[in-house]
Amino acid sequence: MQSDTLFTGVRIVADGVDLHGDLLVRDGTIADFGPSLGRPDGAAVVHEDGAVLCPGLVDIRVALGEPGFEYRETIVSACAAASAGGITTLAALPDSEPAIDDPALVHMLITRGRETGAVTILPYGAATTGCRGEALAEIGLLREAGAVAFTDGARAIASSGLMRLVLSYARGFGARIVQHPEDPSLARGGSATEGELAARLGLPAIPAAAEAILIARDIALARLTGGAVHFAHVSTYDGLELIRRAKADGLAVTCDTAPPYFDLNENGIGDYRTYAKLSPPLRREDDRLAVLAGLADGTIDAIASDHQPRDADDKRLPFAQASAGGVGLATLLAVTLAHVHNGELSLSAAIALLTSRPAALMGIESGRIAKGAPGDLCLFHPDRIWQVRAGSLPGKAQNTPFDGRALEGTVLGTWKAGRRVYAGTAPV
Amino acid sequence: MFYSQKHLLQIEGLHPPEIGHLLDLAESYVLLNRSGKAQRDLLRGRTLINLFFEDSTRTRTSFELAGKRLGADVINMSVSTSSVNKGETLLDTAATLNAMQCDLLVVRHGQSGAPRLLAEKVDAAVINAGDGTHEHPTQALLDALTIKRRKGRIAGLTVAICGDIAHSRVARSNIHLLATLGAHVRVVGPPTLVPPEAALWGTEVFHDMAQALKGADIVMMLRLQRERMSRGPVPSEREYFRFWGLDFEKLAAAKPDALVMHPGPMNRGVEIDSAVADDPRRSVIREQVEMGVAVRMAVLDTLSRGPGRNAI
């Protein structure tokens with residue numbers, strides 16, 4: 001029998017909850033919470049002055065590295081990094097090698113997540129066979145096996161005809177299609193966002209319009225098919241404007257963004273810093289501000305890490321040749337909190353964007369604080385400072401675009417189904 | 001009762017008495033055929049040409065048998081469509097047929113509307129034996145006759161048509177006929193194979209077999225063309241069978257005495273499980289073939305009399 005855990009004197013923040021008090025976890029679920037609870041015999045007591053207790057984070061965009069790219073990251077190392085970042089549930093992208101286009105692979109990912117005991121892995125199924133963008137994947141069988149939604153991961157579904165089929169077919173199973181919104185014919189070979197900086201650095205560039213074009217097309221296809229489309233890591237003003245209008249029209253359109261797109265702008269690539277080479281590329285400052293506005297007004301449904309582990313050799317190349325992508329599990333919470341600290345987001349809105357709202361997108365019960373809800377929790381100190389340093393991040397891959405950044409907000413502990421799976425470096 | 005048209009190009013637009021006339025006449029031919037009586041001479045001296053631009057065995061054979069049983073001279077013409085410009089060929093063919101003084105012309109063509117184009121150019125009465133993804137009227141008539149003989153009626157029955165509705169001429173003819181005669185028609189299949197517009201034809205649209213078959217009297221399966229089983233609207237045969245293939249588990253949702261139909265040829269293990277297809281208590285698939293000959297005899301008989309001159 002697992003012992004009870006009592007959190008005392010913490011600020012409890014979740015969708016619809018913001019109070020100072022206690023929370024009791026018993027048998028893996030939240031038994032009670034309120035301003036003051038009694039102290040059951042034998043309960044492990046956790047207290048930290050000034051700490052915030054929130055639901056374990058639900059990160060809906062993570063490349064695990066496994067299967068196929070174990071030299072970058074493994075399920076075990078990614079889940080360790082997730083726990084250190086306060087994440088208790090993550091959705092795994094299917095563009096691995098092999099791609100997650102067979103029900104057996106979906107079972108494998110779910111089982112491997114369970115084996116960590118720390119993180120629930122929600123597998124995405126491939127939207128097209130092999131994520132190659134040529135033919136419909138077995139969406140029904142993958143869904144039955146437990147795939148939460150369908151996507152080709154970092155590859156856009158380029159063909160309008162195929163995207164129509166995918167949206168239409170998935171509708172029959174009530175499944176959402178997640179799109180990497182970037183027109184491949186405009187993005188091909190590009191490594192930075194098109195503009196004065198890329199021109200000066202002499203880098204092949206991707207126009208911001210590559211995003212708006214695909215978003216506009218897929219909104220039209222969602223309207224045509226009645227299908228549900230979700231746009232990942234939205235990063236431009238124009239893209240968000242289109243999504244805002246589609247939502248107002250009542251279409252089944254949702255989106256997320258990732259911390260680099262509201263915390264950094266194109267200047268992050270500095271003197272060809274390949275760790276800041278992302279897909280989509282870091283945008284201009286006015287696009288960054290538009291993403292912040294989208295977070296504040298609710299247009300954006302979730303903040304996801306868009307964790308893309310890369311090996312040093314993937315990045316130790318001339319900028320245009322380096323692999324795009326950055327890690328984000330360990331910094332997801334703290335970078336988001338930076339924008340709470342500077343007044344751009346409320347704490348409760350930020351927590352909802354990291355917990356209940358992504359959970360709702362995935363159709364899962366986690367991400368909330370309520371009696372009977374899973375004891376998936378994250379305890380963090382909102383003001384404690386740390387510095388992001390590539391080389392000393394949890395997990396295997398170290399390719400963070402936030403290298404050197406000082407952040408306020410430190411995860412003190414993470415609990416999965418009532419069991420502590422991460423204890424922060426500072427004593428609790 | 002009268003059948004008022006010169007041709008039989010489509011079910012859409014036919015009135016209940018016209019359909020009723022054809023079904024009643026067909027019923028009499030069922031009895032005649034079963035009695036084993038020799039050829040009648042109703043169509044003696046008349047020429048029936050089977051003009052098939054698409055491969056077909058059962059429909060062509062069925063028309064051939066129907067024509068011969070009525071005493072007609074039956075000629076089969078198979079025309080390859082691969083080499084020539086189709087529109088030109090079709091009109092050239094029409095001129096040829098007129099020269100042959102053909103009376104009854106049975107046409108199958110890969111293009112929707114091709115029989116209508118021919119009907120405008122030939123003197124013969126034209127029977128559509130399947131045009132593209134448009135209609136296959138004699139199939140719907142034989143299906144209706146099968147249902148009527150087994151269930152005693154069509155009005156009020158719940159019929160679930162399952163599979164590739166979008167590309168099926170059988171589905172379109174059946175939807176029109178069954179709805180015209182007062183059946184409750186449901187269509188079910190993946191959204192990629194069911195046009196949402198089917199709701200405008202008086203059908204209820206489903207994507208889940210269990211829901212669509214609930215309480216159904218008739219479960220009508222459609223053939224899934226092989227070229228659609230991958231790299232198209234369906235990801236794989238195994239997925240199609242899992243969700244839309246008729247097995248006893250799915251059939252359990254229908255009424256206990258629900259009948260199973262299929263226009264043939266079947267893809268066993270894709271749209272229908274062999275155990276269901278071969279179960280004599282549920283499957284009327286072989287009976288459909290028998291009804292096909294009788295229905296085609298009724299159609300040939302009726303059209304040979306000319307429009308408006310077919311009182312019985």
# chains A, B, ... in the order shown; residues from 1 in each chain; ligands from 1
$ closest_atom_pairs --of "chain B" --to "chain A" --cutoff "7 Å" --atoms "only C-alpha atoms" --output "JSON lines"
{"residue": "B:Pro190", "atom": "CA", "partner": "A:Gly172", "partner_atom": "CA", "distance": 6.2}
{"residue": "B:Pro191", "atom": "CA", "partner": "A:Tyr169", "partner_atom": "CA", "distance": 5.4}
{"residue": "B:Thr192", "atom": "CA", "partner": "A:Tyr169", "partner_atom": "CA", "distance": 5.5}
{"residue": "B:His207", "atom": "CA", "partner": "A:Gly172", "partner_atom": "CA", "distance": 5.8}
{"residue": "B:Arg231", "atom": "CA", "partner": "A:Ala135", "partner_atom": "CA", "distance": 4.6}
{"residue": "B:Gly232", "atom": "CA", "partner": "A:Ala135", "partner_atom": "CA", "distance": 6.7}
{"residue": "B:Pro233", "atom": "CA", "partner": "A:Leu165", "partner_atom": "CA", "distance": 6.3}
{"residue": "B:Val234", "atom": "CA", "partner": "A:Leu136", "partner_atom": "CA", "distance": 6.9}
{"residue": "B:Pro235", "atom": "CA", "partner": "A:Leu136", "partner_atom": "CA", "distance": 5.0}
{"residue": "B:Ser236", "atom": "CA", "partner": "A:Glu138", "partner_atom": "CA", "distance": 6.8}
{"residue": "B:Glu239", "atom": "CA", "partner": "A:Leu141", "partner_atom": "CA", "distance": 6.3}
$ select_by_dssp --residues "segment 84-283 of chain B" --states "strand (DSSP E or B)" --output "number ranges by chain"
B: 104-109, 125-131, 135, 158-162, 184-188, 203-206, 218-221, 246, 259-261, 268, 272, 283
$ atom_distance --atom1 "atom CA of Pro123 of chain A" --atom2 "atom CA of Arg420 of chain A"
23.6 Å
$ residues_around --residues "Met221 of chain B" --least-positions-apart "3" --cutoff "8 Å" --atoms "only C-alpha atoms" --output "PyMOL selection string"
chain B and resi 161-163+246+260-263+271-272
$ residues_around --residues "segment 35-52 of chain B" --least-positions-apart "4" --cutoff "9 Å" --atoms "only C-alpha atoms" --output "number ranges by chain"
B: 30-31, 56, 60, 63-64, 67-80, 97, 100-109, 129, 300-301, 304
$ write_last_selection --atoms "C-alpha atoms" --output "tab-separated table (two decimals), in the first residue's frame"
chain	number	residue	atom	x	y	z
B	30	VAL	CA	-39.83	-16.11	-61.87
B	31	LEU	CA	-42.70	-18.59	-61.82
B	56	SER	CA	-18.84	-8.07	-67.07
B	60	ARG	CA	-24.10	-9.74	-69.61
B	63	PHE	CA	-29.29	-10.26	-70.13
B	64	GLU	CA	-28.26	-12.86	-72.70
B	67	GLY	CA	-33.21	-12.34	-74.22
B	68	LYS	CA	-32.90	-15.96	-75.35
B	69	ARG	CA	-35.68	-17.11	-73.06
B	70	LEU	CA	-37.92	-14.60	-74.77
B	71	GLY	CA	-36.84	-15.75	-78.22
B	72	ALA	CA	-34.75	-12.75	-79.27
B	73	ASP	CA	-31.65	-12.87	-81.44
B	74	VAL	CA	-28.91	-11.97	-78.98
B	75	ILE	CA	-25.60	-10.53	-80.04
B	76	ASN	CA	-22.78	-9.74	-77.64
B	77	MET	CA	-20.45	-6.90	-78.53
B	78	SER	CA	-17.48	-6.18	-76.34
B	79	VAL	CA	-15.82	-2.91	-77.12
B	80	SER	CA	-12.39	-1.91	-75.94
B	97	LEU	CA	-26.29	-0.11	-84.47
B	100	MET	CA	-28.15	-3.20	-87.93
B	101	GLN	CA	-31.73	-2.37	-86.96
B	102	CYS	CA	-31.23	-3.28	-83.38
B	103	ASP	CA	-34.44	-3.32	-81.30
B	104	LEU	CA	-33.10	-3.56	-77.80
B	105	LEU	CA	-29.73	-2.26	-76.74
B	106	VAL	CA	-28.19	-3.19	-73.41
B	107	VAL	CA	-25.29	-0.89	-72.56
B	108	ARG	CA	-22.62	-0.95	-69.93
B	109	HIS	CA	-20.13	1.88	-69.99
B	129	ALA	CA	-26.64	-2.11	-67.57
B	300	LEU	CA	-37.05	-6.56	-72.24
B	301	ASP	CA	-40.69	-7.57	-72.50
B	304	SER	CA	-40.18	-4.24	-76.65
$ residues_around --residues "Lys250 of chain B" --least-positions-apart "5" --cutoff "10 Å" --atoms "only C-alpha atoms" --output "list in words"
Met209, Ala210, Gln211, Ala212, Leu213, Lys214, Arg242, Phe243, Trp244 and Gly245 of chain B
$ residues_around --residues "Ala275 of chain B" --least-positions-apart "4" --cutoff "12 Å" --atoms "only C-alpha atoms" --output "PDB file with all heavy atoms, in the first residue's frame"
ATOM      1  N   GLY B 245     -16.531  -4.428 -42.822  1.00  0.00           N
ATOM      2  CA  GLY B 245     -16.788  -5.752 -43.373  1.00  0.00           C
ATOM      3  C   GLY B 245     -17.894  -6.422 -42.573  1.00  0.00           C
ATOM      4  O   GLY B 245     -17.927  -6.332 -41.349  1.00  0.00           O
ATOM      5  N   LEU B 246     -18.820  -7.102 -43.282  1.00  0.00           N
ATOM      6  CA  LEU B 246     -19.959  -7.704 -42.571  1.00  0.00           C
ATOM      7  C   LEU B 246     -19.579  -9.086 -42.049  1.00  0.00           C
ATOM      8  O   LEU B 246     -19.319 -10.004 -42.813  1.00  0.00           O
ATOM      9  CB  LEU B 246     -21.170  -7.803 -43.507  1.00  0.00           C
ATOM     10  CG  LEU B 246     -22.454  -8.273 -42.814  1.00  0.00           C
ATOM     11  CD1 LEU B 246     -22.938  -7.246 -41.799  1.00  0.00           C
ATOM     12  CD2 LEU B 246     -23.544  -8.559 -43.835  1.00  0.00           C
ATOM     13  N   ASP B 247     -19.530  -9.191 -40.726  1.00  0.00           N
ATOM     14  CA  ASP B 247     -19.377 -10.496 -40.091  1.00  0.00           C
ATOM     15  C   ASP B 247     -20.570 -10.672 -39.140  1.00  0.00           C
ATOM     16  O   ASP B 247     -21.400  -9.771 -38.997  1.00  0.00           O
ATOM     17  CB  ASP B 247     -18.033 -10.595 -39.354  1.00  0.00           C
ATOM     18  CG  ASP B 247     -17.813  -9.445 -38.391  1.00  0.00           C
ATOM     19  OD1 ASP B 247     -18.805  -8.753 -38.033  1.00  0.00           O
ATOM     20  OD2 ASP B 247     -16.668  -9.216 -37.972  1.00  0.00           O
ATOM     21  N   PHE B 248     -20.638 -11.825 -38.507  1.00  0.00           N
ATOM     22  CA  PHE B 248     -21.804 -12.081 -37.653  1.00  0.00           C
ATOM     23  C   PHE B 248     -21.868 -11.121 -36.463  1.00  0.00           C
ATOM     24  O   PHE B 248     -22.949 -10.798 -35.978  1.00  0.00           O
ATOM     25  CB  PHE B 248     -21.820 -13.544 -37.192  1.00  0.00           C
ATOM     26  CG  PHE B 248     -22.421 -14.465 -38.219  1.00  0.00           C
ATOM     27  CD1 PHE B 248     -21.651 -15.440 -38.832  1.00  0.00           C
ATOM     28  CD2 PHE B 248     -23.759 -14.335 -38.582  1.00  0.00           C
ATOM     29  CE1 PHE B 248     -22.203 -16.276 -39.794  1.00  0.00           C
ATOM     30  CE2 PHE B 248     -24.316 -15.167 -39.533  1.00  0.00           C
ATOM     31  CZ  PHE B 248     -23.538 -16.139 -40.150  1.00  0.00           C
ATOM     32  N   GLU B 249     -20.687 -10.673 -36.009  1.00  0.00           N
ATOM     33  CA  GLU B 249     -20.675  -9.735 -34.888  1.00  0.00           C
ATOM     34  C   GLU B 249     -21.411  -8.444 -35.260  1.00  0.00           C
ATOM     35  O   GLU B 249     -22.231  -7.945 -34.494  1.00  0.00           O
ATOM     36  CB  GLU B 249     -19.217  -9.451 -34.510  1.00  0.00           C
ATOM     37  CG  GLU B 249     -19.052  -8.820 -33.151  1.00  0.00           C
ATOM     38  CD  GLU B 249     -17.602  -8.417 -32.905  1.00  0.00           C
ATOM     39  OE1 GLU B 249     -16.687  -9.150 -33.328  1.00  0.00           O
ATOM     40  OE2 GLU B 249     -17.399  -7.349 -32.299  1.00  0.00           O
ATOM     41  N   LEU B 251     -23.478  -8.087 -37.847  1.00  0.00           N
ATOM     42  CA  LEU B 251     -24.837  -8.412 -38.268  1.00  0.00           C
ATOM     43  C   LEU B 251     -25.775  -8.566 -37.066  1.00  0.00           C
ATOM     44  O   LEU B 251     -26.987  -8.378 -37.186  1.00  0.00           O
ATOM     45  CB  LEU B 251     -24.815  -9.700 -39.111  1.00  0.00           C
ATOM     46  CG  LEU B 251     -26.140 -10.152 -39.745  1.00  0.00           C
ATOM     47  CD1 LEU B 251     -26.711  -9.059 -40.651  1.00  0.00           C
ATOM     48  CD2 LEU B 251     -25.940 -11.441 -40.538  1.00  0.00           C
ATOM     49  N   VAL B 260     -29.178 -10.666 -45.868  1.00  0.00           N
ATOM     50  CA  VAL B 260     -27.918 -10.099 -46.357  1.00  0.00           C
ATOM     51  C   VAL B 260     -27.881 -10.207 -47.877  1.00  0.00           C
ATOM     52  O   VAL B 260     -28.147 -11.273 -48.432  1.00  0.00           O
ATOM     53  CB  VAL B 260     -26.718 -10.852 -45.746  1.00  0.00           C
ATOM     54  CG1 VAL B 260     -25.407 -10.351 -46.347  1.00  0.00           C
ATOM     55  CG2 VAL B 260     -26.715 -10.697 -44.230  1.00  0.00           C
ATOM     56  N   ARG B 268     -14.453 -11.619 -50.595  1.00  0.00           N
ATOM     57  CA  ARG B 268     -14.590 -12.289 -49.306  1.00  0.00           C
ATOM     58  C   ARG B 268     -13.458 -11.848 -48.379  1.00  0.00           C
ATOM     59  O   ARG B 268     -12.308 -11.746 -48.799  1.00  0.00           O
ATOM     60  CB  ARG B 268     -14.541 -13.805 -49.491  1.00  0.00           C
ATOM     61  CG  ARG B 268     -15.773 -14.341 -50.212  1.00  0.00           C
ATOM     62  CD  ARG B 268     -15.572 -15.778 -50.646  1.00  0.00           C
ATOM     63  NE  ARG B 268     -16.750 -16.270 -51.371  1.00  0.00           N
ATOM     64  CZ  ARG B 268     -17.749 -16.921 -50.775  1.00  0.00           C
ATOM     65  NH1 ARG B 268     -17.707 -17.153 -49.476  1.00  0.00           N
ATOM     66  NH2 ARG B 268     -18.778 -17.334 -51.482  1.00  0.00           N
ATOM     67  N   GLY B 269     -13.803 -11.567 -47.149  1.00  0.00           N
ATOM     68  CA  GLY B 269     -12.785 -11.122 -46.188  1.00  0.00           C
ATOM     69  C   GLY B 269     -12.456  -9.655 -46.314  1.00  0.00           C
ATOM     70  O   GLY B 269     -11.581  -9.153 -45.614  1.00  0.00           O
ATOM     71  N   ASP B 279     -24.174 -18.299 -45.505  1.00  0.00           N
ATOM     72  CA  ASP B 279     -25.178 -18.789 -44.562  1.00  0.00           C
ATOM     73  C   ASP B 279     -26.563 -18.746 -45.206  1.00  0.00           C
ATOM     74  O   ASP B 279     -27.105 -17.664 -45.450  1.00  0.00           O
ATOM     75  CB  ASP B 279     -25.164 -17.928 -43.294  1.00  0.00           C
ATOM     76  CG  ASP B 279     -26.164 -18.435 -42.250  1.00  0.00           C
ATOM     77  OD1 ASP B 279     -26.978 -19.329 -42.590  1.00  0.00           O
ATOM     78  OD2 ASP B 279     -26.135 -17.939 -41.118  1.00  0.00           O
ATOM     79  N   PRO B 280     -27.159 -19.895 -45.502  1.00  0.00           N
ATOM     80  CA  PRO B 280     -28.435 -19.901 -46.232  1.00  0.00           C
ATOM     81  C   PRO B 280     -29.585 -19.265 -45.446  1.00  0.00           C
ATOM     82  O   PRO B 280     -30.586 -18.867 -46.041  1.00  0.00           O
ATOM     83  CB  PRO B 280     -28.698 -21.390 -46.484  1.00  0.00           C
ATOM     84  CG  PRO B 280     -27.876 -22.112 -45.470  1.00  0.00           C
ATOM     85  CD  PRO B 280     -26.692 -21.247 -45.179  1.00  0.00           C
ATOM     86  N   ARG B 281     -29.438 -19.163 -44.131  1.00  0.00           N
ATOM     87  CA  ARG B 281     -30.526 -18.547 -43.352  1.00  0.00           C
ATOM     88  C   ARG B 281     -30.522 -17.028 -43.507  1.00  0.00           C
ATOM     89  O   ARG B 281     -31.535 -16.380 -43.297  1.00  0.00           O
ATOM     90  CB  ARG B 281     -30.369 -18.890 -41.869  1.00  0.00           C
ATOM     91  CG  ARG B 281     -30.598 -20.357 -41.549  1.00  0.00           C
ATOM     92  CD  ARG B 281     -30.056 -20.661 -40.165  1.00  0.00           C
ATOM     93  NE  ARG B 281     -28.643 -20.364 -40.104  1.00  0.00           N
ATOM     94  CZ  ARG B 281     -27.958 -20.150 -38.976  1.00  0.00           C
ATOM     95  NH1 ARG B 281     -28.572 -20.174 -37.813  1.00  0.00           N
ATOM     96  NH2 ARG B 281     -26.674 -19.898 -39.018  1.00  0.00           N
ATOM     97  N   ARG B 282     -29.375 -16.455 -43.807  1.00  0.00           N
ATOM     98  CA  ARG B 282     -29.271 -14.995 -43.855  1.00  0.00           C
ATOM     99  C   ARG B 282     -29.001 -14.461 -45.251  1.00  0.00           C
ATOM    100  O   ARG B 282     -29.490 -13.405 -45.622  1.00  0.00           O
ATOM    101  CB  ARG B 282     -28.148 -14.497 -42.915  1.00  0.00           C
ATOM    102  CG  ARG B 282     -28.208 -15.048 -41.521  1.00  0.00           C
ATOM    103  CD  ARG B 282     -29.558 -14.776 -40.859  1.00  0.00           C
ATOM    104  NE  ARG B 282     -29.761 -13.368 -40.585  1.00  0.00           N
ATOM    105  CZ  ARG B 282     -29.379 -12.756 -39.463  1.00  0.00           C
ATOM    106  NH1 ARG B 282     -28.767 -13.438 -38.525  1.00  0.00           N
ATOM    107  NH2 ARG B 282     -29.614 -11.485 -39.267  1.00  0.00           N
ATOM    108  N   SER B 283     -28.194 -15.184 -46.003  1.00  0.00           N
ATOM    109  CA  SER B 283     -27.740 -14.653 -47.279  1.00  0.00           C
ATOM    110  C   SER B 283     -28.703 -15.004 -48.407  1.00  0.00           C
ATOM    111  O   SER B 283     -29.112 -16.154 -48.558  1.00  0.00           O
ATOM    112  CB  SER B 283     -26.353 -15.220 -47.582  1.00  0.00           C
ATOM    113  OG  SER B 283     -26.019 -14.932 -48.915  1.00  0.00           O
TER     114      SER B 283
END
